[in-house]
Every structure is written in C-alpha cells, then in structure tokens.
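Trainee: Dumping the structure here so I can ask a few things about it.
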Amino acid sequence: MSVIIENNFSNHAIKRSQQRGIRPWVVNFILEYSDKYKHANESCISQFISKRKVKKLIQENVLSPAKAALIDGVVVIAKDDTIVTVFHKKIRFRK
C-alpha cells in the first residue's frame with residue numbers, strides 16, 4: 001500500500017499525531033478512503049472510515065487486518081487543504 005498524498009499538516013496536527021501515535025500514512029489513507037463526514041466548527045470537516053468500510057477494504061485486499069487495527073477509530077479534522085488535528089474516536093458521534 002503506497003498511498004502518497006501531499007497534505008499540509010498544521011503544527012498542531014504534527015504534534016498531536018506524534019503524541020497519539022497516529023502515523024502520517026494513516027492520515028493519508030483516511031483522507032483517501034473516508035466514507036463518514038461530520039461538520040466541525042469554523043468550516044472544518046471531520047473524516048473517518050466506518051467499521052463496515054474497513055471490513056470491505058480488508059475483503060478487497062486494499063488493507064491488511066494489521067493495518068486496519070491502526071486505522072480503526074482515527075478521526076482527521078481538516079480545513080480546506082490543511083489538516084488541523086487528528087485523534088482517536090472514543091465516543092459515538094451524534095447525527
């Protein structure tokens with residue numbers, strides 16, 4: 001899997017991804033394959049991959065089960081072309 005996308009990480013996003021152990025390829029993968037989008041404040045969008053889509057990507061051999069464990073529950077918040085922050089989803093989002 002060699003998904004390479006040029007993204008602009010804010011200083012905050014770099015710091016938080018390092019603190020939270022979220023690798024840059026995980027962020028790129030989520031931006032490429034995300035199927036869930038939620039509005040965040042100030043025109044930001046939160047993106048993540050649903051469990052159903054992760055299972056589908058494993059079945060299609062796009063993603064290995066080991067890498068799926070790293071992607072599961074990671075949320076990327078972006079504004080325009082800049083990644084604002086990343087975190088692990090621990091609570092369920094409201095609709």
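Letters A, B, ... go to the chains of the structure tokens in the order shown; residues in each chain start at 1; ligands are counted from 1 in the same order.
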Give me, as a VMD selection string, all polymer residues having an atom no more than 12 Å from Leu63 (chain A), counting only C-alpha atoms and skipping those fewer than 6 positions away in the same chain.

Mentor: chain A and resid 1 to 3 26 29 to 30 33 53 to 57 69 to 72

Trainee: Can you list, as a list in words, all residues belonging to chain A that DSSP tags as strand (DSSP E)?

Mentor: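 The strand (DSSP E) residues within chain A come out as Asn8, Phe9, Lys36, Tyr37, Lys38, His39, Ala40, Cys44, Ile45, Ser46, Gln47, Phe48, Val74, Val75, Val76, Ile77, Ala78, Lys79, Thr82, Ile83, Val84, Thr85, Val86, Phe87 and His88 of chain A.
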
Trainee: With only C-alpha atoms as the counted atoms, please give the residues lying no more than 8 Å from Asn8 (chain A), apart from itself and same-chain residues fewer than 5 positions off, as a ChimeraX atom specification.

Mentor: /A:81-83

Trainee: Near Val75 (chain A), counting only C-alpha atoms, which residues have an atom at most 9 Å away, once you skip same-chain residues fewer than 5 positions from it, shown as a CSV table (one decimal) with N, CA and C atoms, in the first residue's frame?

Mentor:
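Wrote result_29.csv, looks like this:
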chain,number,residue,atom,x,y,z
A,27,VAL,N,-3.2,8.9,8.2
A,27,VAL,CA,-4.0,10.1,7.9
A,27,VAL,C,-4.3,10.2,6.4
A,30,ILE,N,-6.9,7.7,5.5
A,30,ILE,CA,-8.3,8.1,5.9
A,30,ILE,C,-8.8,9.2,4.9
A,46,SER,N,-14.7,16.8,9.8
A,46,SER,CA,-14.1,15.6,10.4
A,46,SER,C,-14.4,14.4,9.5
A,47,GLN,N,-13.3,13.6,9.3
A,47,GLN,CA,-13.5,12.5,8.4
A,47,GLN,C,-12.9,11.2,9.1
A,48,PHE,N,-13.6,10.1,8.8
A,48,PHE,CA,-13.1,8.8,9.3
A,48,PHE,C,-13.7,7.7,8.5
A,49,ILE,N,-13.2,6.5,8.7
A,49,ILE,CA,-13.7,5.4,7.9
A,49,ILE,C,-14.5,4.5,8.8
A,85,THR,N,-6.1,18.7,13.0
A,85,THR,CA,-5.8,17.8,14.1
A,85,THR,C,-6.2,16.4,13.8
A,86,VAL,N,-5.7,15.4,14.6
A,86,VAL,CA,-6.1,14.0,14.4
A,86,VAL,C,-6.3,13.5,15.9
A,87,PHE,N,-7.2,12.5,16.0
A,87,PHE,CA,-7.4,11.9,17.3
A,87,PHE,C,-8.1,10.6,17.1
A,88,HIS,N,-8.1,9.8,18.2
A,88,HIS,CA,-8.8,8.5,18.3
A,88,HIS,C,-10.2,8.8,18.8
A,89,LYS,N,-11.2,8.3,18.0
A,89,LYS,CA,-12.6,8.4,18.4
A,89,LYS,C,-12.9,7.5,19.6

Trainee: Between A:Val62, A:Val84, A:Ala68, A:Ala78, which has the minimum distance to Ile45 (chain A) (counting only C-alpha atoms)?

Mentor: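 Closest to Ile45 (chain A), using only C-alpha atoms: A:Ala78.
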
Trainee: Nearest to Ser50 (chain A): which of A:Lys67, A:Ser10, A:Val74, A:Ile22 is it, counting only C-alpha atoms?

Mentor: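 The shortest atom-to-atom distance to Ser50 (chain A) comes from A:Val74.
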
Trainee: Counting only C-alpha atoms, which residue out of A:Asn28, A:Glu60, A:Gly21, A:Lys51 sits closest to Phe9 (chain A)?

Mentor: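 With only C-alpha atoms as the atom set, the closest residue is A:Asn28.
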
Trainee: Interatomic distance between CA of Glu42 (chain A) and CA of Lys79 (chain A)?

Mentor: 8.3 Å

Trainee: Can you pull out every residue from chain A that DSSP, working from the backbone, puts in alpha helix (DSSP H), and format the result as a ChimeraX atom specification?

Mentor: /A:11-20,24-33,51-59,65-71

Trainee: Just to be explicit: take each residue in the selection above, keep C-alpha atoms, and write the result as a PDB file, in the first residue's frame.

Mentor:
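Output contents, as saved in part.pdb:
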ATOM      1  CA  ASN A  11       1.969  22.368  13.625  1.00  0.00           C
ATOM      2  CA  HIS A  12      -0.812  21.307  15.979  1.00  0.00           C
ATOM      3  CA  ALA A  13      -1.643  18.272  13.820  1.00  0.00           C
ATOM      4  CA  ILE A  14       2.009  17.178  13.685  1.00  0.00           C
ATOM      5  CA  LYS A  15       2.338  17.483  17.456  1.00  0.00           C
ATOM      6  CA  ARG A  16      -0.924  15.653  18.186  1.00  0.00           C
ATOM      7  CA  SER A  17      -0.275  12.837  15.709  1.00  0.00           C
ATOM      8  CA  GLN A  18       3.102  12.212  17.329  1.00  0.00           C
ATOM      9  CA  GLN A  19       1.617  12.315  20.835  1.00  0.00           C
ATOM     10  CA  ARG A  20      -1.202   9.970  19.891  1.00  0.00           C
ATOM     11  CA  PRO A  24       1.170  10.023   8.548  1.00  0.00           C
ATOM     12  CA  TRP A  25       0.217   7.176   6.185  1.00  0.00           C
ATOM     13  CA  VAL A  26      -2.858   6.535   8.366  1.00  0.00           C
ATOM     14  CA  VAL A  27      -3.970  10.147   7.916  1.00  0.00           C
ATOM     15  CA  ASN A  28      -3.417   9.943   4.159  1.00  0.00           C
ATOM     16  CA  PHE A  29      -5.325   6.653   3.968  1.00  0.00           C
ATOM     17  CA  ILE A  30      -8.268   8.112   5.885  1.00  0.00           C
ATOM     18  CA  LEU A  31      -8.391  11.144   3.612  1.00  0.00           C
ATOM     19  CA  GLU A  32      -8.349   8.862   0.572  1.00  0.00           C
ATOM     20  CA  TYR A  33     -10.961   6.291   1.699  1.00  0.00           C
ATOM     21  CA  LYS A  51     -16.158  -0.192  10.530  1.00  0.00           C
ATOM     22  CA  ARG A  52     -18.240  -1.523   7.625  1.00  0.00           C
ATOM     23  CA  LYS A  53     -15.929   0.102   5.068  1.00  0.00           C
ATOM     24  CA  VAL A  54     -12.816  -1.154   6.900  1.00  0.00           C
ATOM     25  CA  LYS A  55     -14.168  -4.708   6.627  1.00  0.00           C
ATOM     26  CA  LYS A  56     -14.876  -4.165   2.935  1.00  0.00           C
ATOM     27  CA  LEU A  57     -11.340  -2.848   2.316  1.00  0.00           C
ATOM     28  CA  ILE A  58      -9.900  -5.926   4.043  1.00  0.00           C
ATOM     29  CA  GLN A  59     -12.030  -8.222   1.870  1.00  0.00           C
ATOM     30  CA  PRO A  65      -6.026  -6.690   9.088  1.00  0.00           C
ATOM     31  CA  ALA A  66      -2.966  -5.482  10.990  1.00  0.00           C
ATOM     32  CA  LYS A  67      -3.105  -2.067   9.328  1.00  0.00           C
ATOM     33  CA  ALA A  68      -6.873  -1.949   9.758  1.00  0.00           C
ATOM     34  CA  ALA A  69      -6.336  -2.027  13.519  1.00  0.00           C
ATOM     35  CA  LEU A  70      -4.236   1.141  13.232  1.00  0.00           C
ATOM     36  CA  ILE A  71      -6.877   2.929  11.159  1.00  0.00           C
TER      37      ILE A  71
END
